[in-house]
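Novice: Got a file for you: protein.txt, compact mmCIF, C-alpha atoms.
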```
# COMPACT_ATOMS: atom_id res chain seq x y z
CA MET A 858 -32.89 20.60 -35.94
CA MET A 859 -36.12 19.48 -37.59
CA ILE A 860 -39.13 21.79 -37.80
CA ASP A 861 -42.53 20.31 -38.54
CA ARG A 862 -44.77 22.00 -41.08
CA ASN A 863 -48.06 20.12 -41.40
CA GLY A 864 -46.34 16.77 -41.09
CA VAL A 865 -43.36 17.62 -43.29
CA GLY A 866 -40.03 17.72 -41.47
CA LEU A 867 -37.77 20.58 -42.53
CA HIS A 868 -34.08 20.39 -41.68
CA VAL A 869 -32.82 23.70 -40.31
CA GLU A 870 -29.44 24.90 -39.04
CA VAL A 871 -29.20 27.99 -36.82
CA SER A 872 -26.15 29.78 -35.49
CA GLY A 873 -25.67 33.01 -33.58
CA PRO A 874 -27.59 34.67 -30.73
CA ASP A 875 -31.38 34.38 -30.78
CA ASP A 876 -31.77 38.15 -30.42
CA ALA A 877 -29.28 39.09 -33.16
CA PRO A 878 -30.28 40.46 -36.58
CA THR A 879 -31.21 37.47 -38.74
CA VAL A 880 -29.99 36.51 -42.18
CA MET A 881 -31.94 33.61 -43.68
CA PHE A 882 -30.68 31.59 -46.66
CA ALA A 883 -32.67 29.55 -49.21
CA HIS A 884 -30.82 27.34 -51.69
CA SER A 885 -31.41 26.44 -55.34
CA LEU A 886 -33.06 23.46 -57.03
CA GLY A 887 -30.80 20.43 -56.78
CA THR A 888 -28.61 21.68 -53.92
CA ASN A 889 -29.11 21.93 -50.15
CA LEU A 890 -28.20 24.19 -47.23
CA HIS A 891 -24.51 23.35 -47.70
CA LEU A 892 -24.58 25.60 -50.77
CA TRP A 893 -23.76 28.38 -48.29
CA ASP A 894 -20.90 26.67 -46.42
CA ALA A 895 -18.11 28.78 -47.89
CA VAL A 896 -20.05 32.06 -47.61
CA LEU A 897 -20.96 31.94 -43.92
CA PRO A 898 -17.41 32.26 -42.47
CA LEU A 899 -16.97 35.45 -44.51
CA LEU A 900 -19.95 37.26 -42.97
CA PRO A 901 -19.60 39.83 -40.19
CA ALA A 902 -19.92 38.79 -36.57
CA GLY A 903 -23.09 39.52 -34.66
CA LEU A 904 -25.62 37.88 -36.96
CA ARG A 905 -28.11 35.07 -36.42
CA ILE A 906 -27.82 32.76 -39.42
CA ILE A 907 -30.66 30.46 -40.47
CA ARG A 908 -30.43 28.10 -43.40
CA TYR A 909 -32.60 25.15 -44.29
CA ASP A 910 -33.13 22.29 -46.70
CA SER A 911 -36.16 22.86 -48.87
CA ARG A 912 -38.73 20.05 -48.87
CA GLY A 913 -37.52 17.24 -51.10
CA HIS A 914 -33.90 18.29 -50.64
CA GLY A 915 -31.05 17.49 -48.27
CA GLN A 916 -32.16 16.11 -44.93
CA SER A 917 -35.71 17.46 -45.15
CA ASP A 918 -38.61 15.11 -45.78
CA VAL A 919 -39.59 14.18 -49.33
CA PRO A 920 -43.38 14.26 -49.42
CA GLY A 921 -45.19 13.22 -52.57
CA GLY A 922 -45.39 15.83 -55.31
CA PRO A 923 -45.98 17.88 -57.22
CA TYR A 924 -45.16 20.77 -54.90
CA THR A 925 -46.55 24.26 -55.26
CA MET A 926 -44.78 27.54 -54.69
CA GLY A 927 -47.34 28.23 -52.00
CA GLN A 928 -46.09 25.19 -50.11
CA LEU A 929 -42.46 26.24 -50.44
CA VAL A 930 -43.28 29.75 -49.22
CA SER A 931 -45.33 28.39 -46.33
CA ASP A 932 -42.41 26.14 -45.35
CA ALA A 933 -40.16 29.19 -45.03
CA GLU A 934 -42.92 31.02 -43.16
CA ALA A 935 -43.27 28.16 -40.67
CA ILE A 936 -39.53 28.17 -40.01
CA CYS A 937 -39.62 31.92 -39.37
CA ASP A 938 -42.61 31.66 -37.05
CA GLN A 939 -41.22 28.76 -35.03
CA LEU A 940 -37.84 30.50 -34.67
CA ASN A 941 -39.42 33.89 -33.84
CA VAL A 942 -37.96 35.60 -36.89
CA SER A 943 -38.99 39.09 -37.92
CA ASP A 944 -37.39 41.76 -40.08
CA CYS A 945 -34.78 39.39 -41.45
CA LEU A 946 -32.55 39.80 -44.46
CA PHE A 947 -33.53 36.93 -46.76
CA VAL A 948 -30.98 35.61 -49.27
CA GLY A 949 -32.35 33.32 -51.96
CA VAL A 950 -30.77 31.83 -55.05
CA SER A 951 -32.81 30.49 -58.00
CA VAL A 952 -35.98 28.86 -56.60
CA GLY A 953 -34.85 30.17 -53.21
CA GLY A 954 -35.14 33.67 -54.66
CA MET A 955 -38.69 32.90 -55.76
CA VAL A 956 -39.45 31.77 -52.21
CA ALA A 957 -37.99 35.05 -50.96
CA GLN A 958 -40.34 37.02 -53.20
CA GLY A 959 -43.34 34.95 -52.20
CA LEU A 960 -42.60 35.28 -48.49
CA ALA A 961 -42.06 39.04 -48.76
CA ILE A 962 -45.41 39.34 -50.52
CA LYS A 963 -47.26 37.12 -48.03
CA ARG A 964 -45.56 38.18 -44.80
CA PRO A 965 -43.82 41.56 -45.12
CA ASP A 966 -43.34 41.54 -41.34
CA LEU A 967 -40.79 38.73 -41.71
CA ILE A 968 -38.48 40.35 -44.30
CA ARG A 969 -36.95 43.82 -44.25
CA ALA A 970 -34.50 43.32 -47.13
CA MET A 971 -33.73 40.71 -49.80
CA VAL A 972 -30.84 39.44 -51.86
CA LEU A 973 -32.20 37.85 -55.04
CA SER A 974 -29.49 35.84 -56.77
CA SER A 975 -29.87 34.07 -60.10
CA THR A 976 -33.65 34.24 -59.97
CA ALA A 977 -36.68 35.91 -61.50
CA THR A 978 -40.41 36.37 -61.06
CA LYS A 979 -40.84 33.60 -63.65
CA ILE A 980 -38.16 31.11 -64.65
CA GLY A 981 -38.52 29.31 -67.96
CA THR A 982 -41.80 28.10 -69.38
CA ALA A 983 -44.26 25.52 -68.13
CA GLN A 984 -43.46 23.33 -71.14
CA MET A 985 -39.72 23.50 -70.44
CA TRP A 986 -40.27 22.29 -66.89
CA GLN A 987 -42.68 19.57 -67.97
CA ASP A 988 -40.07 18.34 -70.46
CA ARG A 989 -37.47 18.25 -67.69
CA ILE A 990 -39.82 16.38 -65.36
CA ALA A 991 -40.55 13.85 -68.09
CA ALA A 992 -36.84 13.37 -68.82
CA VAL A 993 -35.99 12.76 -65.16
CA ASN A 994 -38.94 10.42 -64.68
CA THR A 995 -37.99 8.44 -67.79
CA HIS A 996 -34.19 8.43 -67.76
CA GLY A 997 -33.22 9.52 -64.26
CA LEU A 998 -31.51 12.64 -62.96
CA SER A 999 -28.09 11.32 -63.97
CA SER A 1000 -29.10 11.60 -67.63
CA MET A 1001 -29.34 15.40 -67.22
CA ALA A 1002 -26.36 15.87 -64.92
CA ASP A 1003 -23.94 17.21 -67.53
CA THR A 1004 -26.52 19.63 -68.92
CA ILE A 1005 -27.37 20.88 -65.44
CA MET A 1006 -23.70 21.41 -64.58
CA GLN A 1007 -23.25 23.44 -67.77
CA ARG A 1008 -26.18 25.66 -66.76
CA TRP A 1009 -24.88 26.02 -63.24
CA PHE A 1010 -21.25 26.84 -63.83
CA ALA A 1011 -19.12 29.17 -65.91
CA ARG A 1012 -16.63 27.89 -68.48
CA ASP A 1013 -13.58 28.28 -66.22
CA PHE A 1014 -15.23 26.28 -63.41
CA PHE A 1015 -17.03 23.58 -65.39
CA GLY A 1016 -15.19 20.28 -65.44
CA THR A 1017 -12.66 21.24 -62.77
CA PRO A 1018 -12.13 19.16 -59.61
CA ALA A 1019 -13.98 21.84 -57.65
CA MET A 1020 -17.17 21.00 -59.56
CA ALA A 1021 -17.22 17.42 -58.26
CA LYS A 1022 -18.80 18.27 -54.90
CA TRP A 1023 -21.71 20.02 -56.62
CA LEU A 1024 -22.27 17.14 -59.01
CA ASP A 1025 -22.25 14.78 -56.02
CA MET A 1026 -24.78 17.01 -54.24
CA LEU A 1027 -27.09 16.92 -57.25
CA MET A 1028 -26.78 13.16 -57.64
CA ALA A 1029 -27.49 12.58 -53.93
CA MET A 1030 -30.85 14.30 -53.97
CA PRO A 1031 -34.12 12.36 -54.28
CA GLU A 1032 -35.45 12.46 -57.82
CA GLN A 1033 -38.99 12.73 -56.44
CA GLY A 1034 -38.04 15.93 -54.63
CA TYR A 1035 -36.36 17.31 -57.74
CA VAL A 1036 -39.29 16.84 -60.11
CA ALA A 1037 -41.82 17.93 -57.48
CA THR A 1038 -39.91 21.21 -57.07
CA CYS A 1039 -39.69 21.63 -60.85
CA ALA A 1040 -43.50 21.59 -60.85
CA ALA A 1041 -43.57 24.39 -58.27
CA ILE A 1042 -41.29 26.56 -60.40
CA ALA A 1043 -43.31 25.81 -63.54
CA GLY A 1044 -46.47 27.22 -61.97
CA THR A 1045 -44.96 30.44 -60.61
CA ASP A 1046 -45.16 33.97 -61.96
CA PHE A 1047 -44.62 36.70 -59.36
CA TYR A 1048 -44.34 39.61 -61.82
CA THR A 1049 -47.31 41.63 -60.55
CA PRO A 1050 -46.98 41.04 -56.79
CA THR A 1051 -43.20 41.51 -56.81
CA SER A 1052 -43.62 44.87 -58.55
CA GLY A 1053 -45.60 45.98 -55.50
CA LEU A 1054 -42.81 45.27 -53.00
CA ARG A 1055 -41.11 48.18 -51.28
CA MET A 1056 -37.94 47.18 -49.47
CA PRO A 1057 -34.18 47.20 -50.02
CA VAL A 1058 -33.23 44.61 -52.64
CA LEU A 1059 -29.91 43.52 -54.10
CA GLY A 1060 -29.84 41.40 -57.24
CA ILE A 1061 -26.75 39.28 -57.92
CA ALA A 1062 -26.31 37.62 -61.30
CA GLY A 1063 -23.66 35.46 -62.89
CA GLY A 1064 -22.36 36.72 -66.22
CA GLN A 1065 -22.34 33.16 -67.62
CA ASP A 1066 -25.60 31.97 -66.06
CA GLY A 1067 -27.30 29.56 -68.45
CA ALA A 1068 -30.50 29.33 -66.41
CA THR A 1069 -31.33 32.90 -65.36
CA PRO A 1070 -29.28 35.27 -67.55
CA PRO A 1071 -28.16 38.60 -66.09
CA ASP A 1072 -30.77 40.61 -67.99
CA LEU A 1073 -33.54 38.49 -66.46
CA VAL A 1074 -32.23 39.03 -62.94
CA SER A 1075 -31.77 42.74 -63.58
CA GLU A 1076 -35.30 43.09 -64.97
CA THR A 1077 -36.65 41.35 -61.89
CA VAL A 1078 -35.00 43.55 -59.28
CA ASP A 1079 -35.78 46.65 -61.37
CA LEU A 1080 -39.45 46.01 -60.58
CA ILE A 1081 -38.72 47.14 -57.02
CA PRO A 1082 -37.88 50.85 -56.72
CA GLY A 1083 -34.44 51.63 -55.30
CA SER A 1084 -33.06 48.15 -55.89
CA GLN A 1085 -29.40 47.46 -56.56
CA PHE A 1086 -27.88 45.07 -59.09
CA SER A 1087 -24.46 43.46 -59.14
CA LEU A 1088 -22.99 41.32 -61.92
CA MET A 1089 -20.38 38.65 -61.22
CA TRP A 1090 -18.93 38.39 -64.71
CA ARG A 1091 -17.07 35.10 -64.42
CA ALA A 1092 -19.73 33.14 -62.51
CA GLY A 1093 -22.63 31.01 -63.64
CA HIS A 1094 -25.96 30.18 -61.98
CA LEU A 1095 -24.45 29.58 -58.52
CA PRO A 1096 -22.08 32.50 -57.90
CA CYS A 1097 -22.09 31.76 -54.16
CA ALA A 1098 -20.54 28.37 -54.98
CA GLU A 1099 -18.07 29.46 -57.66
CA ASP A 1100 -16.90 32.65 -55.97
CA PRO A 1101 -17.97 32.70 -52.30
CA GLU A 1102 -15.57 35.55 -51.55
CA GLY A 1103 -17.05 37.75 -54.25
CA PHE A 1104 -20.59 36.84 -53.24
CA ALA A 1105 -19.88 37.49 -49.55
CA ALA A 1106 -18.29 40.86 -50.34
CA ARG A 1107 -21.49 41.97 -52.08
CA LEU A 1108 -23.69 40.59 -49.32
CA ASN A 1109 -21.59 42.22 -46.60
CA GLN A 1110 -21.80 45.59 -48.33
CA PHE A 1111 -25.57 45.21 -48.59
CA ILE A 1112 -25.75 44.34 -44.88
CA ALA A 1113 -23.84 47.53 -44.16
CA ASP A 1114 -25.87 49.65 -46.60
CA THR A 1115 -29.16 48.53 -45.09
CA GLY A 1116 -28.00 48.93 -41.50
CA HIS A 1117 -29.00 45.35 -40.81
CA LEU A 1118 -26.52 45.13 -37.93
CA SER A 1119 -27.50 47.40 -35.07
CA GLU A 1120 -23.94 48.59 -34.54
CA ALA A 1121 -20.90 49.06 -36.74
CA VAL A 1122 -18.81 45.98 -37.39
CA ASP A 1123 -15.62 45.33 -39.28
CA LEU A 1124 -16.47 43.48 -42.45
CA PRO A 1125 -14.23 40.55 -43.38
CA GLN A 1126 -11.81 41.31 -46.18
CA SER A 1127 -12.58 39.50 -49.44
```
Starting from the coordinates I provided, produce the structure as structure tokens.
Specialist:
Amino acid sequence: MMIDRNGVGLHVEVSGPDDAPTVMFAHSLGTNLHLWDAVLPLLPAGLRIIRYDSRGHGQSDVPGGPYTMGQLVSDAEAICDQLNVSDCLFVGVSVGGMVAQGLAIKRPDLIRAMVLSSTATKIGTAQMWQDRIAAVNTHGLSSMADTIMQRWFARDFFGTPAMAKWLDMLMAMPEQGYVATCAAIAGTDFYTPTSGLRMPVLGIAGGQDGATPPDLVSETVDLIPGSQFSLMWRAGHLPCAEDPEGFAARLNQFIADTGHLSEAVDLPQS
């Protein structure tokens, strides 16, 4: 389905009963909602699953940039409001994890727990992002593809046939959407507001993540009292893509720990 947010169409996929506990997924820069394809079948029954393409990505509209983090957060908020979401478990990777933080800060009624994967309150420096924007605008996204893949994936996964689908996903995205989202990340620092959050949080990091190293993810979730942290040693920046079984096992345990399902369920074996 398409959801309109101030004239911007956002592509959303929903499964499960409308009245079931909701898990909402936000993908990373350069991917789309299919980042979660291999994870979803491994989740317990009885959930309402919502995933969407961020503006500029996938089948969502590509409005002119630059984007702001406020816009990305408001997009997620609009989806929640139009789908009558409240008290969801929000799972975000990379920029999707920044959106999760921003939404939890702005609308705590929408989120009761978060999984923050391969993300931080601030990712990189403004100059780093401006350099990347300039490189894409000058030479095209394909000129950075190999570098991006090396940041995304661990040594054992990089260059294998399994990586091809993710390279294709990156190459299929509009360059305008990519650089506009880079600008949103460049202008974001959630350190102070995130430290004020009080909710269950699980951080998941890849041991070979070249974009958001494990220490950065750990330091981020440590800002929130009572948070948990899990390291996937052999994964890179997209552990849900490299090891969906391992990622789902951690997510399923967090669902159980937080009581997000109203009644006991048998978790899939990973």
Novice: For the point (-43.1, 30.9, -49.6) in the file's frame, write as a PyMOL selection string all residues with an atom no more than 12 Å away, counting only C-alpha atoms.
Specialist: chain A and resi 883+911-912+924-937+947+949+952-965+967-968+1041-1042+1045+1047
Novice: Taking 2 positions as the minimum chain separation for residues in the same chain, which residues sit within 7 Å of Phe1086 in chain A when counting only C-alpha atoms? Answer as a list of chain:residue names.
Specialist: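 Those residues are A:Leu1059, A:Gly1060, A:Ile1061, A:Ser1075, A:Ser1084, A:Leu1088.
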Novice: Find, counting all atoms listed in the file, the residue in A:Asp1100, A:Asp944, A:Glu1032, A:Glu1076 that gets nearest to Asp1013 in chain A.
Specialist: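 Going through A:Asp1100, A:Asp944, A:Glu1032, A:Glu1076 one by one, the smallest distance to Asp1013 in chain A is for A:Asp1100.
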Novice: At a cut-off of 10 Å, using all atoms listed in the file, what residues contact range 1070-1073 of chain A? Leave out same-chain residues fewer than 3 positions from it and give the result as number ranges by chain.
Specialist: A: 974-980, 1060-1067, 1076-1079, 1086-1090, 1093-1094
Novice: Using the file's own x, y and z axes, so that the box edges lie along x, y and z, what centre and edge lengths in Å (one decimal) does a box around every listed atom of range 1005-1008 of chain A get when 4 Å is added on each side? Give it as lines of an AutoDock Vina configuration file.
Specialist:
```
center_x = -25.3
center_y = 23.3
center_z = -66.2
size_x = 12.1
size_y = 12.8
size_z = 11.2
```
Novice: So, with all atoms listed in the file as the atoms that count, which of A:Val919, A:Ala1092, A:Ile1081, A:Ala877 lies closest to Phe1014 in chain A?
Specialist: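 Nearest candidate to Phe1014 in chain A out of A:Val919, A:Ala1092, A:Ile1081, A:Ala877: A:Ala1092.
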Novice: Find the distance between CA of Met881 in chain A and CA of Thr1069 in chain A and write it in Å to one decimal.
Specialist: 21.7 Å
Novice: Could you check how far CA of Ala1037 in chain A sits from CA of Pro923 in chain A, in Å to one decimal?
Specialist: 4.2 Å
Novice: What is the CA of Cys945 in chain A to CA of Thr1115 in chain A distance in Å?
Specialist: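 Calculated distance between CA of Cys945 in chain A and CA of Thr1115 in chain A is 11.3 Å.
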Novice: I'd like to know which of A:Leu973, A:Trp1023, A:Pro1031, A:Cys1039 is closest to Trp986 in chain A, using all atoms listed in the file.
Specialist: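 Of A:Leu973, A:Trp1023, A:Pro1031, A:Cys1039, the one nearest Trp986 in chain A is A:Cys1039, counting all atoms listed in the file.
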Novice: Need the shell around Gly866 in chain A: protein/DNA/RNA residues with any atom at most 9 Å away, counting only C-alpha atoms. Skip same-chain ones fewer than 2 positions apart. Format as a list in words?
Specialist: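 Selected residues are Met859, Ile860, Asp861, Arg862, Asn863, Gly864, His868, Arg912, Gln916, Ser917, Asp918 and Val919 of chain A.
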Novice: Each residue of range 1010-1096 of chain A with at least one atom at most 9 Å from range 995-1004 of chain A should appear once, together with its nearest atom pair and the corresponding distance in Å (one decimal); atoms considered: only C-alpha atoms; ordering: chain, then increasing residue number; output as JSON lines.
Specialist:
```
{"residue": "A:Leu1024", "atom": "CA", "partner": "A:Ala1002", "partner_atom": "CA", "distance": 7.3}
{"residue": "A:Leu1027", "atom": "CA", "partner": "A:Ala1002", "partner_atom": "CA", "distance": 7.8}
{"residue": "A:Met1028", "atom": "CA", "partner": "A:Ser999", "partner_atom": "CA", "distance": 6.7}
{"residue": "A:Glu1032", "atom": "CA", "partner": "A:Leu998", "partner_atom": "CA", "distance": 6.5}
{"residue": "A:Tyr1035", "atom": "CA", "partner": "A:Leu998", "partner_atom": "CA", "distance": 8.5}
```
Novice: Name the closest residue to Pro901 in chain A among the candidates A:Val972, A:Leu1108, A:Ala983, A:Val950; distances are taken between atoms, counting all atoms listed in the file.
Specialist: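 Among A:Val972, A:Leu1108, A:Ala983, A:Val950, it is A:Leu1108 that comes nearest to Pro901 in chain A.
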Novice: Counting all atoms listed in the file, figure out which residue out of A:Asn994, A:Thr1049, A:Thr879, A:Thr888 gets nearest to Ala1029 in chain A.
Specialist: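 Selected residue with least distance to Ala1029 in chain A: A:Thr888.
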Novice: Ranking A:Ala1011, A:Leu1080, A:Leu946, A:Leu892 by minimum distance to Gly915 in chain A and counting only C-alpha atoms, which one comes first?
Specialist: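 Result for the nearest residue to Gly915 in chain A: A:Leu892.
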